[in-house]
$ cat coords.tsv   # TSV, C-alpha atoms
chain	number	residue	atom	x	y	z
A	1	MET	CA	-6.22	-19.59	-26.51
A	2	ASN	CA	-5.50	-21.36	-23.22
A	3	SER	CA	-3.81	-19.26	-20.55
A	4	SER	CA	-1.33	-20.61	-18.03
A	5	LYS	CA	-2.67	-22.36	-14.93
A	6	ARG	CA	-1.12	-19.69	-12.70
A	7	LEU	CA	-2.98	-16.97	-14.61
A	8	GLU	CA	-6.23	-18.84	-14.09
A	9	ARG	CA	-5.58	-18.77	-10.32
A	10	ILE	CA	-5.38	-14.99	-10.24
A	11	PRO	CA	-8.72	-13.31	-9.41
A	12	PRO	CA	-9.77	-10.15	-11.27
A	13	TYR	CA	-7.84	-7.14	-9.98
A	14	LEU	CA	-10.13	-5.44	-7.46
A	15	PHE	CA	-9.68	-1.87	-8.66
A	16	ALA	CA	-10.07	-2.81	-12.31
A	17	GLU	CA	-13.49	-4.21	-11.39
A	18	ILE	CA	-14.35	-1.03	-9.51
A	19	ASN	CA	-13.42	1.04	-12.55
A	20	LYS	CA	-15.80	-1.06	-14.66
A	21	LYS	CA	-18.69	-0.38	-12.27
A	22	ILE	CA	-17.90	3.34	-12.30
A	23	ALA	CA	-17.91	3.38	-16.11
A	24	GLU	CA	-21.23	1.53	-16.25
A	25	ALA	CA	-22.85	3.95	-13.80
A	26	LYS	CA	-21.56	6.98	-15.71
A	27	LYS	CA	-23.05	5.55	-18.93
A	28	ARG	CA	-26.41	5.59	-17.16
A	29	GLY	CA	-25.93	9.28	-16.43
A	30	VAL	CA	-25.09	8.88	-12.74
A	31	ASP	CA	-22.98	11.62	-11.14
A	32	VAL	CA	-20.51	9.18	-9.58
A	33	ILE	CA	-18.34	10.09	-6.61
A	34	SER	CA	-15.70	7.40	-6.22
A	35	LEU	CA	-14.34	6.76	-2.75
A	36	GLY	CA	-12.96	3.46	-3.97
A	37	ILE	CA	-9.33	3.99	-4.93
A	38	GLY	CA	-6.50	5.51	-2.88
A	39	ASP	CA	-5.21	7.91	-5.49
A	40	PRO	CA	-4.34	11.35	-4.05
A	41	ASP	CA	-6.43	14.11	-5.61
A	42	MET	CA	-3.99	16.93	-4.86
A	43	PRO	CA	-1.30	17.85	-7.41
A	44	THR	CA	2.35	16.94	-7.24
A	45	PRO	CA	4.24	19.90	-5.71
A	46	LYS	CA	5.53	22.32	-8.34
A	47	PRO	CA	9.24	22.11	-7.37
A	48	ILE	CA	9.13	18.41	-8.30
A	49	ILE	CA	7.50	19.12	-11.65
A	50	ASP	CA	10.05	21.85	-12.37
A	51	VAL	CA	12.91	19.37	-11.93
A	52	LEU	CA	11.18	16.84	-14.17
A	53	GLU	CA	10.79	19.44	-16.91
A	54	LYS	CA	14.45	20.43	-16.67
A	55	GLU	CA	15.77	16.88	-16.67
A	56	ALA	CA	13.40	15.68	-19.40
A	57	ASN	CA	15.02	18.29	-21.67
A	58	ASN	CA	18.48	16.84	-21.01
A	59	PRO	CA	19.33	14.37	-23.83
A	60	LYS	CA	21.58	12.40	-21.46
A	61	ASN	CA	18.45	11.23	-19.65
A	62	HIS	CA	16.86	9.78	-22.79
A	63	GLN	CA	18.90	6.57	-22.75
A	64	TYR	CA	18.37	3.44	-20.69
A	65	PRO	CA	18.62	4.11	-16.95
A	66	ASP	CA	20.59	1.92	-14.56
A	67	TYR	CA	18.53	-1.11	-13.52
A	68	GLU	CA	19.14	-0.53	-9.82
A	69	GLY	CA	18.45	3.20	-10.14
A	70	LEU	CA	20.61	6.30	-10.04
A	71	LEU	CA	23.07	6.27	-7.16
A	72	ALA	CA	22.02	9.88	-6.53
A	73	PHE	CA	18.41	8.74	-6.00
A	74	ARG	CA	19.41	5.81	-3.81
A	75	THR	CA	21.55	8.16	-1.75
A	76	ALA	CA	18.61	10.54	-1.38
A	77	VAL	CA	16.49	7.60	-0.19
A	78	SER	CA	19.07	6.67	2.45
A	79	GLN	CA	19.24	10.30	3.65
A	80	TRP	CA	15.43	10.51	3.76
A	81	TYR	CA	15.18	7.29	5.81
A	82	LYS	CA	17.77	8.64	8.23
A	83	ARG	CA	15.91	11.92	8.62
A	84	ARG	CA	12.40	10.54	8.82
A	85	HIS	CA	13.02	7.22	10.65
A	86	ASN	CA	16.61	7.28	11.95
A	87	VAL	CA	17.44	4.24	9.82
A	88	ASP	CA	20.95	3.84	8.36
A	89	LEU	CA	21.13	2.44	4.82
A	90	ASP	CA	23.99	1.79	2.44
A	91	PRO	CA	22.73	3.35	-0.81
A	92	GLU	CA	24.81	0.97	-2.96
A	93	LYS	CA	23.82	-2.33	-1.32
A	94	GLU	CA	20.66	-1.70	0.70
A	95	VAL	CA	18.52	0.44	-1.63
A	96	LEU	CA	16.85	-0.57	-4.90
A	97	THR	CA	14.82	1.79	-7.09
A	98	LEU	CA	11.35	0.46	-7.99
A	99	ILE	CA	8.67	1.39	-10.49
A	100	GLY	CA	6.44	1.83	-7.46
A	101	ALA	CA	6.20	-0.56	-4.52
A	102	LYS	CA	3.63	-2.73	-6.33
A	103	GLU	CA	6.20	-4.27	-8.68
A	104	GLY	CA	8.52	-4.88	-5.75
A	105	SER	CA	6.20	-7.62	-4.47
A	106	VAL	CA	6.55	-9.50	-7.74
A	107	HIS	CA	10.35	-9.16	-7.82
A	108	LEU	CA	10.54	-10.38	-4.24
A	109	SER	CA	8.44	-13.45	-5.04
A	110	ILE	CA	10.40	-14.26	-8.19
A	111	ALA	CA	13.70	-13.94	-6.31
A	112	PHE	CA	12.85	-16.07	-3.28
A	113	LEU	CA	9.69	-18.18	-3.61
A	114	ASN	CA	9.75	-21.70	-5.05
A	115	PRO	CA	6.72	-23.73	-6.19
A	116	GLY	CA	4.85	-25.11	-3.19
A	117	GLU	CA	6.43	-22.75	-0.67
A	118	VAL	CA	4.13	-20.48	1.34
A	119	ALA	CA	3.80	-16.72	1.48
A	120	LEU	CA	1.92	-15.44	4.54
A	121	ILE	CA	-0.33	-12.58	3.50
A	122	PRO	CA	-2.65	-10.38	5.56
A	123	SER	CA	-6.41	-10.78	5.17
A	124	PRO	CA	-7.82	-8.26	4.60
A	125	GLY	CA	-4.84	-6.98	2.66
A	126	TYR	CA	-3.51	-5.47	-0.53
A	127	THR	CA	-4.39	-7.96	-3.27
A	128	VAL	CA	-0.99	-7.86	-5.00
A	129	TYR	CA	0.68	-9.90	-2.23
A	130	LYS	CA	-1.48	-12.87	-3.13
A	131	THR	CA	-1.07	-12.57	-6.88
A	132	ALA	CA	2.71	-12.13	-6.55
A	133	ALA	CA	2.87	-15.50	-4.79
A	134	ILE	CA	0.63	-17.17	-7.35
A	135	MET	CA	2.84	-15.93	-10.18
A	136	THR	CA	5.68	-18.06	-8.82
A	137	ASP	CA	3.50	-21.14	-8.20
A	138	ALA	CA	3.83	-20.59	-4.47
A	139	GLU	CA	0.92	-20.86	-2.05
A	140	PRO	CA	-0.57	-17.75	-0.42
A	141	TYR	CA	-1.84	-18.33	3.12
A	142	GLU	CA	-4.22	-15.70	4.46
A	143	MET	CA	-3.50	-14.53	8.01
A	144	PRO	CA	-6.72	-13.15	9.54
A	145	LEU	CA	-6.53	-9.55	10.74
A	146	LEU	CA	-9.27	-9.47	13.34
A	147	GLU	CA	-10.91	-6.54	15.06
A	148	GLU	CA	-10.35	-8.10	18.49
A	149	ASN	CA	-6.60	-8.25	17.81
A	150	GLU	CA	-6.45	-4.63	16.59
A	151	PHE	CA	-6.06	-5.97	13.05
A	152	LEU	CA	-2.65	-7.52	13.76
A	153	PRO	CA	-1.95	-11.13	12.71
A	154	ALA	CA	-1.63	-13.79	15.41
A	155	LEU	CA	1.66	-15.26	14.19
A	156	ARG	CA	1.86	-18.02	16.77
A	157	ALA	CA	-1.62	-19.23	15.80
A	158	ILE	CA	-0.54	-20.11	12.26
A	159	PRO	CA	-0.54	-23.94	11.90
A	160	SER	CA	2.91	-25.46	12.30
A	161	ASP	CA	2.69	-27.35	9.00
A	162	VAL	CA	2.09	-24.03	7.22
A	163	VAL	CA	4.96	-22.33	9.05
A	164	LYS	CA	7.35	-25.15	8.02
A	165	LYS	CA	6.66	-24.38	4.34
A	166	THR	CA	6.72	-20.60	4.75
A	167	LYS	CA	9.43	-18.58	3.03
A	168	LEU	CA	7.96	-15.08	3.01
A	169	LEU	CA	5.85	-12.96	5.36
A	170	TYR	CA	4.09	-9.80	4.17
A	171	LEU	CA	3.19	-7.01	6.59
A	172	ASN	CA	1.58	-3.66	5.83
A	173	TYR	CA	1.38	-1.03	8.59
A	174	PRO	CA	-0.09	1.55	8.49
A	175	ASN	CA	-2.52	-0.91	7.02
A	176	ASN	CA	-4.52	-0.85	3.83
A	177	PRO	CA	-7.47	-1.30	4.13
A	178	THR	CA	-8.04	-1.13	7.90
A	179	GLY	CA	-5.94	1.90	8.84
A	180	ALA	CA	-4.45	-0.09	11.75
A	181	VAL	CA	-0.90	0.55	12.94
A	182	ALA	CA	1.82	-1.63	14.46
A	183	GLY	CA	4.07	-0.88	17.43
A	184	LYS	CA	7.58	-1.86	18.44
A	185	GLU	CA	6.50	-4.87	20.51
A	186	PHE	CA	4.67	-6.40	17.56
A	187	TYR	CA	7.66	-5.87	15.28
A	188	LYS	CA	9.95	-7.47	17.85
A	189	GLU	CA	7.64	-10.50	17.83
A	190	VAL	CA	7.84	-10.54	14.01
A	191	ILE	CA	11.64	-10.53	14.07
A	192	ASP	CA	11.74	-13.40	16.58
A	193	PHE	CA	9.21	-15.36	14.51
A	194	ALA	CA	11.25	-14.80	11.35
A	195	ASN	CA	14.50	-15.85	13.01
A	196	ASP	CA	12.96	-18.95	14.57
A	197	ASN	CA	11.52	-20.13	11.26
A	198	LYS	CA	13.99	-18.75	8.68
A	199	ILE	CA	11.37	-16.52	7.07
A	200	ILE	CA	11.93	-13.38	4.99
A	201	VAL	CA	9.88	-10.40	6.15
A	202	CYS	CA	8.58	-7.78	3.74
A	203	SER	CA	7.19	-4.63	5.33
A	204	ASP	CA	5.16	-2.82	2.67
A	205	ASN	CA	5.11	0.72	4.03
A	206	PRO	CA	3.82	3.27	1.49
A	207	TYR	CA	1.78	4.99	4.23
A	208	SER	CA	4.78	5.52	6.50
A	209	GLU	CA	4.33	9.30	6.52
A	210	THR	CA	0.54	9.44	6.92
A	211	GLY	CA	-0.06	9.96	10.63
A	212	TYR	CA	-2.96	11.78	12.33
A	213	ASP	CA	-3.21	13.67	15.61
A	214	GLY	CA	0.58	13.89	15.92
A	215	TYR	CA	1.10	10.13	15.50
A	216	LYS	CA	4.28	9.18	13.59
A	217	PRO	CA	4.15	5.71	12.00
A	218	LEU	CA	7.12	3.40	12.45
A	219	SER	CA	9.39	1.93	9.85
A	220	PHE	CA	9.93	-1.80	10.43
A	221	LEU	CA	13.65	-1.11	9.97
A	222	GLU	CA	13.70	1.09	13.08
A	223	ILE	CA	13.55	-2.08	15.20
A	224	PRO	CA	16.89	-3.73	16.07
A	225	GLY	CA	17.34	-6.93	14.07
A	226	ALA	CA	14.84	-6.02	11.35
A	227	LYS	CA	17.47	-5.56	8.65
A	228	GLU	CA	18.80	-9.05	9.32
A	229	VAL	CA	15.48	-10.68	8.39
A	230	GLY	CA	13.81	-8.42	5.89
A	231	VAL	CA	13.22	-5.47	3.66
A	232	GLU	CA	10.81	-2.59	3.49
A	233	MET	CA	9.13	-1.27	0.37
A	234	ASN	CA	8.08	2.34	0.17
A	235	SER	CA	6.89	4.81	-2.41
A	236	LEU	CA	6.69	8.50	-3.20
A	237	SER	CA	3.07	8.06	-4.29
A	238	LYS	CA	1.31	8.96	-1.06
A	239	PRO	CA	3.48	11.57	0.74
A	240	TYR	CA	4.25	13.53	-2.44
A	241	ASN	CA	1.09	12.93	-4.55
A	242	MET	CA	3.08	11.02	-7.17
A	243	THR	CA	1.00	7.88	-7.86
A	244	GLY	CA	1.22	8.27	-11.63
A	245	TRP	CA	4.97	8.86	-11.62
A	246	ARG	CA	5.71	5.23	-10.65
A	247	VAL	CA	8.76	5.56	-8.47
A	248	GLY	CA	9.52	3.89	-5.16
A	249	MET	CA	12.16	1.86	-3.35
A	250	ALA	CA	13.01	-1.37	-1.60
A	251	VAL	CA	15.40	-0.98	1.32
A	252	GLY	CA	16.99	-3.23	3.92
A	253	ASN	CA	18.78	-6.57	3.90
A	254	ALA	CA	21.54	-6.47	1.28
A	255	ASP	CA	21.13	-10.10	0.18
A	256	ILE	CA	17.39	-9.68	-0.33
A	257	ILE	CA	17.93	-6.42	-2.20
A	258	LYS	CA	20.48	-8.18	-4.42
A	259	GLY	CA	18.02	-10.95	-5.24
A	260	MET	CA	15.27	-8.48	-6.07
A	261	GLY	CA	17.73	-6.60	-8.26
A	262	ILE	CA	18.51	-9.74	-10.29
A	263	SER	CA	14.79	-10.27	-10.92
A	264	LYS	CA	14.34	-6.61	-11.80
A	265	SER	CA	17.28	-6.43	-14.22
A	266	ASN	CA	15.82	-9.37	-16.15
A	267	THR	CA	12.27	-8.00	-16.13
A	268	ASP	CA	12.27	-4.25	-16.75
A	269	SER	CA	14.61	-1.45	-17.78
A	270	GLY	CA	14.38	0.79	-14.75
A	271	VAL	CA	12.87	4.20	-13.97
A	272	PHE	CA	13.30	7.12	-16.39
A	273	ASN	CA	16.21	9.18	-15.06
A	274	ALA	CA	14.28	12.45	-15.22
A	275	ILE	CA	11.68	10.99	-12.87
A	276	GLN	CA	14.40	9.88	-10.47
A	277	TYR	CA	15.89	13.37	-10.41
A	278	ALA	CA	12.43	14.79	-9.70
A	279	ALA	CA	12.02	12.19	-6.93
A	280	ILE	CA	15.29	13.38	-5.39
A	281	LYS	CA	13.72	16.84	-5.19
A	282	ALA	CA	10.63	15.37	-3.54
A	283	LEU	CA	12.68	13.65	-0.86
A	284	SER	CA	14.41	16.95	-0.08
A	285	LEU	CA	11.18	18.89	0.52
A	286	PRO	CA	10.71	20.16	4.09
A	287	ASP	CA	8.72	17.95	6.43
A	288	SER	CA	6.14	20.73	6.64
A	289	HIS	CA	4.87	19.61	3.21
A	290	ILE	CA	3.74	16.26	4.63
A	291	GLU	CA	2.38	17.89	7.80
A	292	ASN	CA	0.20	20.24	5.75
A	293	LEU	CA	-1.01	17.35	3.60
A	294	MET	CA	-2.06	15.36	6.64
A	295	LYS	CA	-4.04	18.30	8.04
A	296	ILE	CA	-6.22	18.09	4.93
A	297	TYR	CA	-6.69	14.34	5.26
A	298	GLN	CA	-7.43	14.64	8.97
A	299	LYS	CA	-10.21	17.12	8.29
A	300	ARG	CA	-11.67	14.69	5.75
A	301	ARG	CA	-11.28	11.75	8.12
A	302	ASP	CA	-13.20	13.55	10.85
A	303	LEU	CA	-16.01	14.49	8.43
A	304	VAL	CA	-16.49	10.84	7.47
A	305	LEU	CA	-16.33	9.58	11.04
A	306	ASP	CA	-18.91	12.15	12.16
A	307	THR	CA	-21.24	11.21	9.32
A	308	PHE	CA	-20.95	7.48	9.89
A	309	LYS	CA	-21.61	7.94	13.59
A	310	LYS	CA	-24.81	9.84	12.77
A	311	VAL	CA	-26.13	7.03	10.57
A	312	GLY	CA	-25.15	4.21	12.93
A	313	LEU	CA	-22.20	2.75	11.01
A	314	LYS	CA	-19.32	1.37	13.07
A	315	ALA	CA	-16.15	2.92	11.65
A	316	PHE	CA	-12.63	2.38	12.99
A	317	LYS	CA	-10.81	5.65	13.61
A	318	PRO	CA	-7.45	5.37	11.84
A	319	LYS	CA	-4.22	6.66	13.34
A	320	ALA	CA	-2.66	6.67	9.88
A	321	ALA	CA	-3.23	6.02	6.14
A	322	PHE	CA	-6.11	7.67	4.33
A	323	TYR	CA	-8.80	5.01	4.54
A	324	ILE	CA	-11.83	4.43	6.75
A	325	TRP	CA	-12.62	0.76	7.48
A	326	THR	CA	-16.23	0.27	8.49
A	327	LYS	CA	-18.60	-2.57	9.32
A	328	VAL	CA	-21.57	-3.05	7.02
A	329	PRO	CA	-25.05	-2.95	8.61
A	330	ASP	CA	-26.59	-6.14	9.94
A	331	GLY	CA	-28.11	-8.28	7.21
A	332	GLU	CA	-25.78	-6.96	4.50
A	333	THR	CA	-22.71	-8.47	2.88
A	334	SER	CA	-19.86	-6.24	1.84
A	335	ALA	CA	-20.85	-6.64	-1.83
A	336	SER	CA	-24.58	-6.09	-1.31
A	337	PHE	CA	-23.98	-2.95	0.73
A	338	ALA	CA	-21.52	-1.53	-1.80
A	339	THR	CA	-24.03	-2.18	-4.58
A	340	LYS	CA	-26.82	-0.57	-2.55
A	341	ILE	CA	-24.77	2.57	-1.88
A	342	LEU	CA	-23.78	2.89	-5.54
A	343	GLU	CA	-27.33	2.41	-6.82
A	344	LYS	CA	-28.98	4.72	-4.29
A	345	THR	CA	-26.36	7.44	-3.95
A	346	GLY	CA	-23.94	7.21	-6.87
A	347	VAL	CA	-21.11	6.85	-4.34
A	348	VAL	CA	-18.51	4.11	-4.84
A	349	ILE	CA	-17.23	2.26	-1.77
A	350	THR	CA	-14.99	-0.80	-1.83
A	351	PRO	CA	-16.41	-4.11	-0.52
A	352	GLY	CA	-14.15	-5.59	2.12
A	353	ALA	CA	-14.36	-9.12	0.71
A	354	GLY	CA	-12.24	-7.92	-2.20
A	355	TYR	CA	-9.28	-7.75	0.22
A	356	GLY	CA	-9.55	-11.36	1.36
A	357	LYS	CA	-11.89	-13.69	3.23
A	358	THR	CA	-11.54	-11.82	6.53
A	359	GLY	CA	-12.63	-8.59	4.85
A	360	GLU	CA	-16.19	-9.84	4.49
A	361	GLY	CA	-18.60	-7.75	6.55
A	362	TYR	CA	-16.67	-4.50	6.07
A	363	PHE	CA	-16.14	-1.81	3.46
A	364	ARG	CA	-13.40	0.71	2.79
A	365	ILE	CA	-13.54	4.28	1.63
A	366	SER	CA	-10.66	6.46	0.56
A	367	LEU	CA	-10.22	10.10	1.60
A	368	THR	CA	-8.51	11.02	-1.67
A	369	VAL	CA	-11.28	13.15	-3.15
A	370	PRO	CA	-11.67	16.94	-3.03
A	371	ASP	CA	-13.30	18.32	0.11
A	372	GLU	CA	-16.53	19.43	-1.56
A	373	ARG	CA	-17.06	16.11	-3.34
A	374	LEU	CA	-16.41	14.19	-0.13
A	375	LYS	CA	-18.87	16.42	1.69
A	376	GLU	CA	-21.47	15.78	-0.99
A	377	ALA	CA	-20.84	12.02	-0.82
A	378	MET	CA	-21.42	12.08	2.94
A	379	GLN	CA	-24.63	14.06	2.48
A	380	ARG	CA	-25.92	11.52	-0.02
A	381	ILE	CA	-25.08	8.58	2.27
A	382	GLU	CA	-26.61	10.30	5.31
A	383	LYS	CA	-29.82	10.99	3.38
A	384	VAL	CA	-30.17	7.31	2.44
A	385	LEU	CA	-29.13	5.72	5.74
A	386	ALA	CA	-30.41	8.18	8.33
$ encode --input "coords.tsv" --output "structure tokens"
Amino acid sequence: MNSSKRLERIPPYLFAEINKKIAEAKKRGVDVISLGIGDPDMPTPKPIIDVLEKEANNPKNHQYPDYEGLLAFRTAVSQWYKRRHNVDLDPEKEVLTLIGAKEGSVHLSIAFLNPGEVALIPSPGYTVYKTAAIMTDAEPYEMPLLEENEFLPALRAIPSDVVKKTKLLYLNYPNNPTGAVAGKEFYKEVIDFANDNKIIVCSDNPYSETGYDGYKPLSFLEIPGAKEVGVEMNSLSKPYNMTGWRVGMAVGNADIIKGMGISKSNTDSGVFNAIQYAAIKALSLPDSHIENLMKIYQKRRDLVLDTFKKVGLKAFKPKAAFYIWTKVPDGETSASFATKILEKTGVVITPGAGYGKTGEGYFRISLTVPDERLKEAMQRIEKVLA
């Protein structure tokens, strides 16, 4: 049966391919340690689970939820943004509940991209930005994130003919996969660029709470003028170990939120109310929960950086997120090196080319594995590369 042309344009989902390689290695009897996927290994805090259990037993929560999400959840989101980032949000008009931030990219594309229009996407970058554009017959344009520019896009270097067709700009800081961060001056440049060219900005910010060494990542919406040009997507997945719960939010410009809501109400039936009530509990947890979580990730980060330094790999020390972006050795491609590491050590790393053309020559590892398994993975890599 012939698939649609847009489906044929979509490359295989990177992490689905990684899962296939893991399964194949396990069939061969390999003790695989996967550092490939950013899925927190620590459990969801018990107070959140307790609320889920209580609300799941309430028959009132067994019916269809509101498409835009419970007002109580959206209010909790607005209070959380005020506390964590000093951003004011109207919970009724400027907050939309999402089944995780991933689906938000698709709703945004459906709501605002037309065939032939351009979406600017970071390269390397999260692969969903590209596929979301393809699904609407728009054209993704990869903005190179280069080491010499601290992995920030050079907006003014984008060809003028591309800018003229651009409707949507995706940003992601703290960045997956590089771990780079963005400052206020960069965001001011983004706002000016968006205003000058009538472009919608989407800041995908699921790592907004993941700072190291006392660093506190910014929300794009903290910058004056940001709400006039764009939205931010966020998620409870990373700060509260809730990847499997599938709950997040889009916040910001009311007109953009409204458009996303129209797409959403015609596409899915919302987030189970019991999960939203549990998410409200998560957002009310003391900030010390996130601080303690980041102490664990920082210890893991430093272990990896020390190991890679010993074996001569050039790793970029992240200020935030839980990834280590590293150059492959001379003479290797990102795919050949990932294959070599898997075959010789049983450790899965993610080839940088999977994140876009500019990712070639790098690889990414995730710190979301238990301490002892990460330590063993580093020992295996050191033994092979030393």
$ axis_aligned_box --input "coords.tsv" --around "region 38-52 of chain A" --padding-each-side "3 Å" --output "AutoDock Vina command-line options"
--center_x 3.2 --center_y 13.9 --center_z -8.5 --size_x 25.4 --size_y 22.8 --size_z 17.3
$ atom_distance --input "coords.tsv" --atom1 "CA of Asn234 (chain A)" --atom2 "CA of Met260 (chain A)"
14.4 Å
$ atom_distance --input "coords.tsv" --atom1 "CA of Pro159 (chain A)" --atom2 "CA of Lys198 (chain A)"
15.8 Å
$ atom_distance --input "coords.tsv" --atom1 "CA of Gly248 (chain A)" --atom2 "CA of Tyr207 (chain A)"
12.2 Å
$ closest_residue --input "coords.tsv" --among "A:Asn253, A:Thr368, A:Thr345, A:Thr127" --to "Tyr297 (chain A)" --atoms "all atoms listed in the file"
A:Thr368
$ residues_around --input "coords.tsv" --residues "Gly116 (chain A)" --least-positions-apart "6" --cutoff "7 Å" --atoms "only C-alpha atoms" --output "VMD selection string"
chain A and resid 137 to 139
$ closest_residue --input "coords.tsv" --among "A:Leu96, A:Ile324, A:Leu367, A:Leu169" --to "Lys299 (chain A)" --atoms "only C-alpha atoms"
A:Leu367
$ closest_residue --input "coords.tsv" --among "A:Ala377, A:Val251, A:Val106, A:Ile280" --to "Thr307 (chain A)" --atoms "only C-alpha atoms"
A:Ala377
$ closest_residue --input "coords.tsv" --among "A:Thr339, A:Thr136, A:Gly38, A:Gly270" --to "Arg364 (chain A)" --atoms "only C-alpha atoms"
A:Gly38
$ residues_around --input "coords.tsv" --residues "Glu360 (chain A)" --least-positions-apart "5" --cutoff "12 Å" --atoms "all atoms listed in the file" --output "PyMOL selection string"
chain A and resi 123-125+144-146+325-329+332-338+350-355
$ closest_residue --input "coords.tsv" --among "A:Leu293, A:Ala274, A:Leu98, A:Val201" --to "Arg246 (chain A)" --atoms "only C-alpha atoms"
A:Leu98
$ residues_around --input "coords.tsv" --residues "Leu171 (chain A)" --least-positions-apart "2" --cutoff "10 Å" --atoms "all atoms listed in the file" --output "number ranges by chain"
A: 120-122, 125-126, 129, 152-153, 169, 173-175, 182, 187, 190, 201-205, 220, 232
$ closest_residue --input "coords.tsv" --among "A:Leu218, A:Glu53, A:Met249, A:Lys165" --to "Pro91 (chain A)" --atoms "all atoms listed in the file"
A:Met249
$ residues_around --input "coords.tsv" --residues "Gly214 (chain A)" --least-positions-apart "2" --cutoff "10 Å" --atoms "all atoms listed in the file" --output "ChimeraX atom specification"
/A:211-212,216-217,291,294,319-320
$ residues_near_point --input "coords.tsv" --point "(6.8, -19.9, -1.9)" --cutoff "12 Å" --atoms "all atoms listed in the file" --output "ChimeraX atom specification"
/A:106,108-121,129-141,162-169,199-200
